[in-house]
$ cat my_file00.txt   # compact mmCIF, C-alpha atoms
# COMPACT_ATOMS: atom_id res chain seq x y z
CA MET A 9 0.00 0.00 0.00
CA LYS A 10 1.29 3.38 -0.99
CA ALA A 11 1.82 6.35 1.23
CA HIS A 12 1.06 9.96 0.25
CA LEU A 13 3.17 12.93 1.25
CA ILE A 14 1.88 16.48 1.24
CA TYR A 15 4.65 19.05 1.25
CA PHE A 16 6.39 21.54 -0.99
CA ASP A 17 8.21 20.56 -4.17
CA GLY A 18 11.50 20.95 -2.34
CA ARG A 19 13.62 19.33 0.35
CA GLY A 20 12.86 21.15 3.59
CA LEU A 21 11.41 18.86 6.21
CA GLY A 22 9.84 16.57 3.65
CA GLU A 23 13.11 15.20 2.38
CA SER A 24 13.84 13.37 5.63
CA ILE A 25 10.51 11.59 5.27
CA ARG A 26 11.16 10.79 1.61
CA LEU A 27 14.53 9.30 2.54
CA ILE A 28 13.20 6.93 5.21
CA LEU A 29 10.19 5.89 3.10
CA ALA A 30 12.55 5.02 0.25
CA THR A 31 14.99 3.26 2.58
CA VAL A 32 12.36 0.89 3.99
CA GLY A 33 10.77 0.35 0.58
CA ILE A 34 7.45 2.19 0.97
CA GLU A 35 6.32 3.64 -2.35
CA PHE A 36 4.80 7.06 -2.01
CA GLU A 37 2.96 9.64 -4.07
CA GLU A 38 3.29 13.35 -3.49
CA THR A 39 1.08 16.42 -3.47
CA TYR A 40 2.95 19.70 -3.66
CA LEU A 41 1.51 22.86 -2.11
CA GLN A 42 0.51 25.04 -5.06
CA ASP A 43 -0.54 28.32 -3.48
CA ALA A 44 -2.20 29.89 -0.45
CA ALA A 45 -5.65 28.76 -1.59
CA HIS A 46 -4.46 25.17 -1.75
CA VAL A 47 -3.20 25.29 1.83
CA GLU A 48 -6.49 26.84 2.92
CA ARG A 49 -8.46 24.01 1.34
CA LEU A 50 -6.33 21.44 3.16
CA ARG A 51 -6.73 23.30 6.43
CA GLN A 52 -10.51 23.63 5.98
CA ALA A 53 -10.72 19.92 5.23
CA GLY A 54 -9.14 19.24 8.62
CA ASP A 55 -6.27 17.26 7.11
CA LEU A 56 -3.47 19.19 8.79
CA LEU A 57 -3.70 18.80 12.56
CA PHE A 58 -1.58 21.84 13.40
CA MET A 59 -2.26 23.58 10.06
CA GLN A 60 1.25 22.66 8.92
CA VAL A 61 3.08 20.36 6.54
CA PRO A 62 4.57 17.80 6.09
CA MET A 63 1.57 15.51 6.34
CA LEU A 64 1.92 11.84 5.51
CA GLU A 65 -1.05 9.62 4.75
CA ILE A 66 0.05 6.16 5.74
CA ASP A 67 -1.67 3.05 7.08
CA GLY A 68 -5.01 4.84 7.36
CA MET A 69 -3.59 7.78 9.32
CA LYS A 70 -2.90 11.41 8.40
CA LEU A 71 0.28 11.99 10.36
CA VAL A 72 1.85 15.37 10.98
CA GLN A 73 5.05 16.49 12.75
CA THR A 74 8.13 15.43 10.82
CA ASN A 75 9.84 13.61 13.68
CA ALA A 76 6.67 11.79 14.73
CA ILE A 77 6.23 10.56 11.16
CA ILE A 78 9.82 9.35 11.02
CA ARG A 79 9.57 7.66 14.43
CA TYR A 80 6.44 5.81 13.29
CA ILE A 81 8.19 4.41 10.24
CA ALA A 82 11.34 3.65 12.23
CA ARG A 83 9.42 1.72 14.89
CA LYS A 84 7.47 -0.23 12.31
CA TYR A 85 10.61 -1.21 10.40
CA ALA A 86 12.87 -1.93 13.40
CA MET A 87 15.07 1.14 12.91
CA TYR A 88 14.76 2.49 16.44
CA GLY A 89 17.07 0.22 18.40
CA LYS A 90 16.25 -2.69 20.67
CA THR A 91 17.14 -1.63 24.19
CA LEU A 92 16.35 1.48 26.24
CA GLU A 93 20.01 2.42 25.96
CA GLN A 94 19.98 2.11 22.17
CA LYS A 95 16.74 4.08 21.80
CA THR A 96 18.19 6.84 23.96
CA ARG A 97 21.43 6.98 21.99
CA ILE A 98 19.41 7.08 18.77
CA ASP A 99 17.30 9.97 20.09
CA VAL A 100 20.36 12.00 21.13
CA LEU A 101 22.12 11.53 17.78
CA TYR A 102 18.92 11.87 15.71
CA ASP A 103 17.88 15.09 17.45
CA GLY A 104 21.41 16.50 17.07
CA ALA A 105 21.49 15.56 13.38
CA ARG A 106 18.05 17.18 12.92
CA ASP A 107 19.38 20.43 14.41
CA PHE A 108 22.25 20.24 11.90
CA ILE A 109 19.93 19.48 8.96
CA MET A 110 17.74 22.45 9.91
CA LYS A 111 20.74 24.77 9.52
CA PHE A 112 20.94 23.69 5.86
CA VAL A 113 17.17 23.81 5.39
CA TYR A 114 17.21 27.49 6.32
CA ILE A 115 20.06 28.54 4.01
CA GLY A 116 18.77 31.40 1.90
CA TRP A 117 15.94 32.23 4.31
CA ASN A 118 17.83 34.57 6.67
CA LYS A 119 20.52 36.74 5.12
CA GLY A 120 20.77 35.20 1.68
CA LYS A 121 22.39 32.04 0.42
CA GLU A 122 25.98 33.23 0.62
CA ASP A 123 25.89 34.66 4.15
CA ASP A 124 23.78 31.79 5.47
CA SER A 125 26.08 29.15 3.95
CA LYS A 126 29.12 30.88 5.39
CA SER A 127 27.50 30.86 8.81
CA VAL A 128 26.73 27.15 8.58
CA LYS A 129 30.30 26.37 7.53
CA GLU A 130 31.82 28.43 10.32
CA ASN A 131 29.46 27.50 13.13
CA ALA A 132 27.46 24.35 12.47
CA VAL A 133 30.01 22.21 10.63
CA PRO A 134 32.65 22.42 13.41
CA ARG A 135 29.97 21.73 16.01
CA TYR A 136 28.47 18.60 14.50
CA LEU A 137 30.97 16.84 12.24
CA PRO A 138 33.62 16.17 14.90
CA VAL A 139 30.95 14.76 17.20
CA PHE A 140 29.54 12.43 14.56
CA GLU A 141 33.05 11.35 13.50
CA LYS A 142 33.86 10.49 17.10
CA GLU A 143 30.56 8.74 17.78
CA LEU A 144 30.96 6.62 14.66
CA SER A 145 34.49 5.70 15.78
CA LYS A 146 33.02 4.28 18.99
CA THR A 147 31.09 1.58 17.17
CA SER A 148 32.40 -1.40 15.24
CA SER A 149 29.25 -2.19 13.28
CA GLY A 150 29.48 0.55 10.68
CA TYR A 151 26.31 2.08 12.09
CA PHE A 152 25.87 4.65 14.82
CA VAL A 153 23.79 2.52 17.18
CA GLY A 154 23.70 -1.24 17.47
CA ASP A 155 24.33 -3.48 14.50
CA ASP A 156 21.72 -2.21 12.08
CA LEU A 157 20.67 0.85 10.17
CA SER A 158 18.61 3.16 12.38
CA MET A 159 16.82 6.47 12.06
CA ALA A 160 19.95 8.09 13.53
CA ASP A 161 22.07 6.83 10.64
CA LEU A 162 19.64 8.27 8.10
CA ALA A 163 19.54 11.66 9.80
CA VAL A 164 23.35 11.88 9.94
CA LEU A 165 23.50 10.69 6.30
CA GLU A 166 21.13 13.44 5.22
CA SER A 167 23.29 16.04 6.95
CA LEU A 168 26.42 14.65 5.27
CA LEU A 169 24.75 14.82 1.86
CA TYR A 170 24.01 18.49 2.56
CA CYS A 171 27.67 19.01 3.57
CA ASP A 172 28.75 17.44 0.29
CA ASP A 173 26.35 19.67 -1.64
CA TYR A 174 27.32 22.95 -0.02
CA PHE A 175 30.95 22.40 1.03
CA PRO A 176 32.42 19.80 -1.34
CA ALA A 177 35.81 19.24 0.31
CA VAL A 178 34.76 19.39 3.95
CA LEU A 179 34.34 15.64 4.47
CA GLU A 180 38.00 15.06 3.58
CA ASP A 181 38.75 15.94 7.21
CA TYR A 182 36.28 13.32 8.47
CA PRO A 183 37.30 9.99 6.93
CA LYS A 184 34.86 7.79 8.86
CA LEU A 185 31.95 10.04 7.95
CA LYS A 186 33.06 10.15 4.32
CA GLU A 187 33.16 6.34 4.16
CA PHE A 188 29.82 6.15 5.99
CA LYS A 189 28.21 8.55 3.51
CA ASP A 190 29.60 6.70 0.50
CA ARG A 191 28.60 3.31 1.89
CA LEU A 192 25.04 4.24 2.83
CA SER A 193 24.52 6.17 -0.40
CA SER A 194 25.33 2.95 -2.24
CA LEU A 195 22.76 0.79 -0.48
CA PRO A 196 20.34 -0.13 -3.28
CA ARG A 197 17.16 1.63 -2.12
CA ILE A 198 18.98 4.71 -0.88
CA LYS A 199 21.00 4.91 -4.10
CA ALA A 200 17.85 4.56 -6.19
CA PHE A 201 16.17 7.37 -4.24
CA LEU A 202 19.16 9.74 -4.37
CA ASN A 203 19.46 9.26 -8.12
CA GLY A 204 15.73 9.11 -8.76
CA PRO A 205 12.91 11.51 -9.62
CA GLN A 206 11.62 12.01 -6.06
CA ARG A 207 14.92 13.38 -4.74
CA LYS A 208 14.48 17.16 -4.54
CA GLY A 209 17.01 19.85 -5.36
CA LYS A 210 18.82 22.48 -3.32
CA THR A 211 16.94 25.52 -2.12
CA THR A 212 16.61 28.31 -4.68
CA GLU A 213 15.37 31.87 -4.34
CA GLU A 214 12.32 30.95 -6.38
CA TYR A 215 11.51 28.11 -4.04
CA ILE A 216 11.79 30.33 -0.96
CA LEU A 217 9.59 32.94 -2.62
CA HIS A 218 7.02 30.28 -3.48
CA CYS A 219 6.92 29.01 0.12
CA ARG A 220 6.47 32.54 1.46
CA LYS A 221 3.56 33.13 -0.91
CA VAL A 222 1.92 29.83 0.03
CA TRP A 223 2.08 30.75 3.74
CA GLY A 224 0.75 34.22 3.01
CA TRP A 225 3.89 35.97 4.25
CA ILE A 226 4.12 37.95 1.04
CA MET B 5 19.96 8.20 43.11
CA LYS B 6 19.73 11.84 42.26
CA ALA B 7 19.93 13.38 38.84
CA HIS B 8 21.82 16.60 38.03
CA LEU B 9 20.59 19.20 35.56
CA THR B 10 22.94 21.73 33.98
CA TYR B 11 21.02 24.66 32.51
CA PHE B 12 20.22 28.31 33.12
CA ASP B 13 18.45 29.58 36.22
CA GLY B 14 15.30 29.99 34.19
CA ARG B 15 12.64 27.94 32.44
CA GLY B 16 13.62 27.60 28.81
CA SER B 17 14.02 24.01 27.69
CA GLY B 18 15.10 23.00 31.17
CA GLU B 19 11.67 23.44 32.71
CA SER B 20 10.19 20.57 30.70
CA ILE B 21 12.88 18.30 32.12
CA ARG B 22 12.31 19.59 35.66
CA LEU B 23 8.59 18.90 35.30
CA ILE B 24 8.96 15.27 34.23
CA LEU B 25 11.68 14.55 36.80
CA ALA B 26 9.40 15.89 39.52
CA THR B 27 6.37 14.03 38.14
CA VAL B 28 8.08 10.63 38.26
CA GLY B 29 9.70 11.36 41.60
CA ILE B 30 13.38 11.72 40.65
CA GLU B 31 15.14 14.20 42.94
CA PHE B 32 17.57 16.42 41.12
CA GLU B 33 20.23 19.01 41.80
CA GLU B 34 20.97 21.88 39.48
CA THR B 35 23.98 23.74 38.15
CA TYR B 36 23.18 27.11 36.58
CA LEU B 37 25.34 28.56 33.82
CA GLN B 38 27.17 31.49 35.40
CA ASP B 39 28.98 33.11 32.50
CA ALA B 40 30.78 32.45 29.22
CA ALA B 41 33.85 31.07 31.03
CA HIS B 42 31.67 28.54 32.82
CA VAL B 43 30.18 27.28 29.57
CA ASN B 44 33.63 27.02 28.05
CA ARG B 45 34.89 24.95 30.98
CA LEU B 46 31.97 22.55 30.50
CA ARG B 47 32.63 22.39 26.78
CA GLN B 48 36.36 21.75 27.29
CA ALA B 49 35.53 19.01 29.78
CA GLY B 50 33.56 17.27 27.02
CA ASP B 51 30.38 17.21 29.08
CA LEU B 52 28.15 18.82 26.45
CA LEU B 53 27.97 16.60 23.38
CA PHE B 54 26.76 19.33 21.02
CA MET B 55 28.18 22.18 23.15
CA GLN B 56 24.66 22.98 24.32
CA VAL B 57 22.43 22.75 27.37
CA PRO B 58 20.31 21.29 28.89
CA MET B 59 22.47 18.40 30.00
CA LEU B 60 21.12 15.87 32.48
CA GLU B 61 23.36 13.53 34.43
CA ILE B 62 21.22 10.51 35.15
CA ASP B 63 21.86 6.80 35.59
CA GLY B 64 25.54 7.18 34.74
CA MET B 65 24.90 9.09 31.50
CA LYS B 66 25.37 12.72 30.52
CA LEU B 67 22.35 13.18 28.29
CA VAL B 68 21.79 16.14 26.00
CA GLN B 69 18.93 17.15 23.67
CA THR B 70 15.83 18.09 25.64
CA ASN B 71 13.45 15.73 23.87
CA ALA B 72 15.87 12.78 24.06
CA ILE B 73 16.20 13.36 27.81
CA ILE B 74 12.43 13.47 28.23
CA ARG B 75 11.92 10.36 26.09
CA TYR B 76 14.45 8.47 28.23
CA ILE B 77 12.60 9.30 31.42
CA ALA B 78 9.21 8.63 29.80
CA ARG B 79 10.27 5.19 28.57
CA LYS B 80 11.75 4.26 31.93
CA TYR B 81 8.61 5.31 33.81
CA ASP B 82 5.96 4.00 31.40
CA MET B 83 4.88 7.36 30.12
CA TYR B 84 5.30 6.64 26.43
CA GLY B 85 2.28 4.49 25.65
CA LYS B 86 2.04 0.76 25.12
CA THR B 87 1.24 0.19 21.47
CA LEU B 88 2.76 1.55 18.25
CA GLU B 89 -0.44 3.54 17.74
CA GLN B 90 -0.21 5.09 21.21
CA LYS B 91 3.48 5.93 20.84
CA THR B 92 2.74 7.60 17.51
CA ARG B 93 -0.16 9.62 18.90
CA ILE B 94 2.04 10.67 21.83
CA ASP B 95 4.80 11.80 19.45
CA VAL B 96 2.39 13.86 17.33
CA LEU B 97 0.84 15.61 20.35
CA TYR B 98 4.13 15.95 22.24
CA ASP B 99 5.93 17.47 19.24
CA GLY B 100 3.02 19.84 18.63
CA ALA B 101 2.94 20.88 22.29
CA ARG B 102 6.73 21.44 22.20
CA ASP B 103 6.30 23.79 19.22
CA PHE B 104 3.71 25.69 21.29
CA ILE B 105 5.91 25.80 24.40
CA ILE B 106 8.81 27.13 22.36
CA LYS B 107 6.68 30.10 21.27
CA PHE B 108 6.43 31.05 24.96
CA LEU B 109 10.13 30.38 25.57
CA TYR B 110 11.05 32.99 23.02
CA THR B 111 8.81 35.78 24.30
CA GLY B 112 11.05 38.75 24.96
CA TRP B 113 13.79 37.44 22.68
CA ASN B 114 12.49 38.81 19.36
CA LYS B 115 10.67 42.13 19.49
CA GLY B 116 10.23 42.55 23.22
CA MET B 117 7.89 40.91 25.73
CA GLU B 118 4.78 42.87 24.76
CA GLU B 119 4.95 42.33 21.02
CA ASP B 120 6.13 38.75 21.26
CA SER B 121 3.30 37.91 23.67
CA LYS B 122 0.77 39.55 21.38
CA SER B 123 2.03 37.45 18.50
CA VAL B 124 1.71 34.26 20.53
CA LYS B 125 -1.84 35.16 21.53
CA GLU B 126 -2.90 35.97 17.98
CA ASN B 127 -1.11 33.17 16.14
CA ALA B 128 -0.10 30.29 18.39
CA VAL B 129 -3.02 30.16 20.82
CA PRO B 130 -5.68 29.76 18.09
CA ARG B 131 -3.54 27.16 16.37
CA TYR B 132 -2.91 24.85 19.31
CA LEU B 133 -5.64 25.23 21.93
CA PRO B 134 -8.57 24.17 19.73
CA VAL B 135 -6.60 21.12 18.61
CA PHE B 136 -5.74 20.04 22.15
CA GLU B 137 -9.31 20.69 23.33
CA LYS B 138 -10.63 18.46 20.56
CA GLU B 139 -8.01 15.74 21.04
CA LEU B 140 -8.76 15.59 24.77
CA TYR B 141 -12.46 15.50 24.02
CA CYS B 142 -11.93 12.54 21.66
CA SER B 143 -9.90 10.61 24.21
CA SER B 144 -11.66 7.85 26.10
CA SER B 145 -9.82 8.62 29.33
CA ASP B 146 -8.88 11.76 31.21
CA TYR B 147 -5.51 11.70 29.50
CA PHE B 148 -4.57 12.43 25.93
CA VAL B 149 -3.35 8.93 25.05
CA GLY B 150 -4.37 5.64 26.61
CA ASP B 151 -5.43 5.44 30.22
CA ASP B 152 -2.39 6.89 31.95
CA LEU B 153 -0.34 10.03 32.23
CA SER B 154 2.14 10.27 29.35
CA MET B 155 4.84 12.63 28.19
CA ALA B 156 2.22 14.16 25.87
CA ASP B 157 0.04 15.14 28.85
CA LEU B 158 2.97 16.85 30.56
CA ALA B 159 3.92 18.80 27.44
CA VAL B 160 0.35 20.03 26.93
CA LEU B 161 0.14 20.84 30.66
CA GLU B 162 3.28 22.95 30.46
CA SER B 163 1.85 24.89 27.53
CA LEU B 164 -1.42 25.46 29.42
CA LEU B 165 0.47 26.76 32.45
CA TYR B 166 2.16 29.25 30.14
CA CYS B 167 -1.23 30.22 28.70
CA ASP B 168 -2.58 30.79 32.20
CA GLU B 169 0.32 33.01 33.08
CA TYR B 170 0.48 35.10 29.93
CA PHE B 171 -3.22 35.25 29.02
CA PRO B 172 -5.20 34.67 32.21
CA ASP B 173 -8.69 34.29 30.73
CA VAL B 174 -7.89 32.40 27.58
CA LEU B 175 -8.63 28.95 29.00
CA GLU B 176 -12.23 29.97 29.76
CA ASP B 177 -12.94 29.14 26.12
CA TYR B 178 -11.45 25.66 26.49
CA PRO B 179 -13.26 23.94 29.36
CA LYS B 180 -11.73 20.49 28.95
CA LEU B 181 -8.21 21.95 28.87
CA ARG B 182 -8.99 24.12 31.87
CA GLU B 183 -10.17 21.11 33.86
CA PHE B 184 -7.18 19.09 32.63
CA LYS B 185 -4.75 21.80 33.75
CA ASP B 186 -6.40 22.12 37.16
CA ARG B 187 -6.54 18.36 37.67
CA LEU B 188 -2.93 17.63 36.67
CA SER B 189 -1.62 20.64 38.60
CA SER B 190 -3.21 19.10 41.69
CA LEU B 191 -1.51 15.72 41.41
CA PRO B 192 0.75 15.61 44.49
CA ARG B 193 4.19 15.58 42.87
CA ILE B 194 3.26 18.06 40.17
CA LYS B 195 1.64 20.36 42.72
CA ALA B 196 4.71 20.17 44.94
CA PHE B 197 6.98 21.05 42.03
CA LEU B 198 4.83 23.94 40.77
CA ASN B 199 4.71 25.44 44.24
CA GLY B 200 8.26 24.53 45.16
CA PRO B 201 11.73 26.12 44.97
CA GLN B 202 12.83 24.44 41.73
CA ARG B 203 9.99 25.90 39.67
CA LYS B 204 11.49 28.80 37.68
CA GLY B 205 9.93 32.16 36.85
CA LYS B 206 8.81 33.90 33.67
CA ASN B 207 11.36 35.39 31.30
CA THR B 208 12.72 38.77 32.30
CA GLU B 209 14.93 41.16 30.38
CA GLU B 210 17.71 40.47 32.84
CA TYR B 211 17.47 36.74 32.24
CA ILE B 212 17.57 37.16 28.47
CA MET B 213 20.57 39.45 28.77
CA HIS B 214 22.31 36.91 31.00
CA CYS B 215 21.75 34.11 28.48
CA ARG B 216 23.09 36.25 25.66
CA LYS B 217 26.24 37.03 27.65
CA VAL B 218 26.78 33.38 28.54
CA TRP B 219 26.58 32.41 24.86
CA GLY B 220 28.91 35.23 23.92
CA TRP B 221 26.33 37.01 21.77
CA ILE B 222 26.89 40.26 23.63

$ encode --input "my_file00.txt" --output "structure tokens"
Amino acid sequence: MKAHLIYFDGRGLGESIRLILATVGIEFEETYLQDAAHVERLRQAGDLLFMQVPMLEIDGMKLVQTNAIIRYIARKYAMYGKTLEQKTRIDVLYDGARDFIMKFVYIGWNKGKEDDSKSVKENAVPRYLPVFEKELSKTSSGYFVGDDLSMADLAVLESLLYCDDYFPAVLEDYPKLKEFKDRLSSLPRIKAFLNGPQRKGKTTEEYILHCRKVWGWI
Amino acid sequence: MKAHLTYFDGRGSGESIRLILATVGIEFEETYLQDAAHVNRLRQAGDLLFMQVPMLEIDGMKLVQTNAIIRYIARKYDMYGKTLEQKTRIDVLYDGARDFIIKFLYTGWNKGMEEDSKSVKENAVPRYLPVFEKELYCSSSDYFVGDDLSMADLAVLESLLYCDEYFPDVLEDYPKLREFKDRLSSLPRIKAFLNGPQRKGKNTEEYIMHCRKVWGWI
């Protein structure tokens, strides 16, 4: 049974959901927010619990809240650890990786793409990459927590793909993370997604403008 | 065994952790960030994984990331539902309530207490309160999910306490939430915490200035 994602035609928060859906093998269709009237219709229909997107229709539910959606899929597909200790470690690393991803999501929204990127490179990259490099060095499995791919691995992967996109040489200083990124990007379903038609592109000025219009901010 | 919270002498993200610790009966000591040098000592010592607070020392771990800390306590004390469906519902409501709480956290940080509060009242209150009123109405128990107190109940409670403080009459329009707030605030441990010495006060300009100095922003 297919899932259905409602979001913008861009990465943002939706991309993390697309990545885990693809990883576990759930096919999904997408509805992109067209304009302010479209959002209003969805809100009037009661489909968006907190009037926000992403919203994922899956298994008879209309789920909102990006991290809740991802936790649902992770639990269902055994990507959330086995023990209390593993679940906790996953949460710490996942939440940290989400903070890092959000820095990339907002590039272009604050002071413009150049200034925002510079800020991420100077502040966020040195905060997160050394931590993830060290945490990965603590495990022998090739994954951040336990012996299997978890939601924490996917969140770190997504942040590393952003690093690659925005700061091409930066992973040279983080050999374990570079190998991790290359290895996970080559897993069949992840590779197919990253090279496929549902993978969205980097933020552009047009995209940001479109989002602002949809939300009625301009 | 006691826990130890490192945070500011203020609510912020720390208050949510204080509330759940008190609710489940874990005694805790606190270290308040004094100044920039203090933060740097903690960072040098390697105690703050992502160089941030809150950090909770508990059960031999130094946990960071507010929501990861709360999930750890919730899992350990059976406040995270029993079924996949319950856990998912808890995540959706908890994450939504956290978004609402954060609006209150930032009052005074953007355009000043008066304007920020006005914005919360006009935008956040009408977004979240009707949803929580309806979700509570649809629940078959006196709690949001299942038959017992969960981390979702505490997060909504915290947001309602903020509502009460900032907008004293607003809960008159939400009778189920008003009753919920009164009832949970009267539970012995929660009541003791809310009336006790570890409960922190509303944001002040001095507090915001102190935080900014500690982070080196001024």

$ interface_residues --input "my_file00.txt" --of "chain B" --to "chain A" --cutoff "9 Å" --atoms "all atoms listed in the file" --output "ChimeraX atom specification"
/B:53-55,67-73,75-76,79-80,88-89,91-100,131-132,135

$ closest_residue --input "my_file00.txt" --among "B:Leu164, B:Leu109, B:Met59, B:Val129" --to "Asn207 (chain B)" --atoms "all atoms listed in the file"
B:Leu109

$ atom_distance --input "my_file00.txt" --atom1 "CA of Gly18 (chain B)" --atom2 "CA of Lys138 (chain B)"
28.2 Å

$ atom_distance --input "my_file00.txt" --atom1 "CA of Phe188 (chain A)" --atom2 "CA of Leu162 (chain A)"
10.6 Å

$ closest_residue --input "my_file00.txt" --among "A:Lys111, A:Lys126, A:Arg106, A:Lys142" --to "Pro183 (chain A)" --atoms "all atoms listed in the file"
A:Lys142

$ build_atoms --input "my_file00.txt" --residues "region 197-208 of chain B" --atoms "N, CA, C and O atoms" --output "PDB file, keeping the file's coordinate frame"
ATOM      1  N   PHE B 197       5.984  20.412  42.882  1.00  0.00           N
ATOM      2  CA  PHE B 197       6.980  21.050  42.030  1.00  0.00           C
ATOM      3  C   PHE B 197       6.563  22.471  41.672  1.00  0.00           C
ATOM      4  O   PHE B 197       7.353  23.417  41.813  1.00  0.00           O
ATOM      5  N   LEU B 198       5.285  22.621  41.229  1.00  0.00           N
ATOM      6  CA  LEU B 198       4.830  23.940  40.770  1.00  0.00           C
ATOM      7  C   LEU B 198       4.867  24.975  41.886  1.00  0.00           C
ATOM      8  O   LEU B 198       5.029  26.176  41.620  1.00  0.00           O
ATOM      9  N   ASN B 199       4.708  24.517  43.106  1.00  0.00           N
ATOM     10  CA  ASN B 199       4.710  25.440  44.240  1.00  0.00           C
ATOM     11  C   ASN B 199       6.052  25.465  44.967  1.00  0.00           C
ATOM     12  O   ASN B 199       6.199  26.154  45.976  1.00  0.00           O
ATOM     13  N   GLY B 200       7.013  24.724  44.450  1.00  0.00           N
ATOM     14  CA  GLY B 200       8.260  24.530  45.160  1.00  0.00           C
ATOM     15  C   GLY B 200       9.402  25.406  44.654  1.00  0.00           C
ATOM     16  O   GLY B 200       9.239  26.189  43.718  1.00  0.00           O
ATOM     17  N   PRO B 201      10.592  25.231  45.252  1.00  0.00           N
ATOM     18  CA  PRO B 201      11.730  26.120  44.970  1.00  0.00           C
ATOM     19  C   PRO B 201      12.402  25.859  43.625  1.00  0.00           C
ATOM     20  O   PRO B 201      13.149  26.721  43.153  1.00  0.00           O
ATOM     21  N   GLN B 202      12.153  24.716  43.000  1.00  0.00           N
ATOM     22  CA  GLN B 202      12.830  24.440  41.730  1.00  0.00           C
ATOM     23  C   GLN B 202      12.051  24.930  40.523  1.00  0.00           C
ATOM     24  O   GLN B 202      12.577  24.961  39.412  1.00  0.00           O
ATOM     25  N   ARG B 203      10.789  25.308  40.738  1.00  0.00           N
ATOM     26  CA  ARG B 203       9.990  25.900  39.670  1.00  0.00           C
ATOM     27  C   ARG B 203      10.573  27.272  39.342  1.00  0.00           C
ATOM     28  O   ARG B 203      10.770  28.094  40.232  1.00  0.00           O
ATOM     29  N   LYS B 204      10.866  27.528  38.046  1.00  0.00           N
ATOM     30  CA  LYS B 204      11.490  28.800  37.680  1.00  0.00           C
ATOM     31  C   LYS B 204      10.442  29.814  37.238  1.00  0.00           C
ATOM     32  O   LYS B 204       9.290  29.478  36.977  1.00  0.00           O
ATOM     33  N   GLY B 205      10.862  31.087  37.166  1.00  0.00           N
ATOM     34  CA  GLY B 205       9.930  32.160  36.850  1.00  0.00           C
ATOM     35  C   GLY B 205       9.905  32.548  35.390  1.00  0.00           C
ATOM     36  O   GLY B 205      10.717  32.083  34.586  1.00  0.00           O
ATOM     37  N   LYS B 206       8.964  33.404  35.040  1.00  0.00           N
ATOM     38  CA  LYS B 206       8.810  33.900  33.670  1.00  0.00           C
ATOM     39  C   LYS B 206      10.081  34.608  33.201  1.00  0.00           C
ATOM     40  O   LYS B 206      10.849  35.116  34.015  1.00  0.00           O
ATOM     41  N   ASN B 207      10.248  34.640  31.890  1.00  0.00           N
ATOM     42  CA  ASN B 207      11.360  35.390  31.300  1.00  0.00           C
ATOM     43  C   ASN B 207      11.360  36.839  31.758  1.00  0.00           C
ATOM     44  O   ASN B 207      10.314  37.477  31.828  1.00  0.00           O
ATOM     45  N   THR B 208      12.563  37.336  32.044  1.00  0.00           N
ATOM     46  CA  THR B 208      12.720  38.770  32.300  1.00  0.00           C
ATOM     47  C   THR B 208      13.802  39.283  31.372  1.00  0.00           C
ATOM     48  O   THR B 208      14.568  38.493  30.797  1.00  0.00           O
TER      49      THR B 208
END
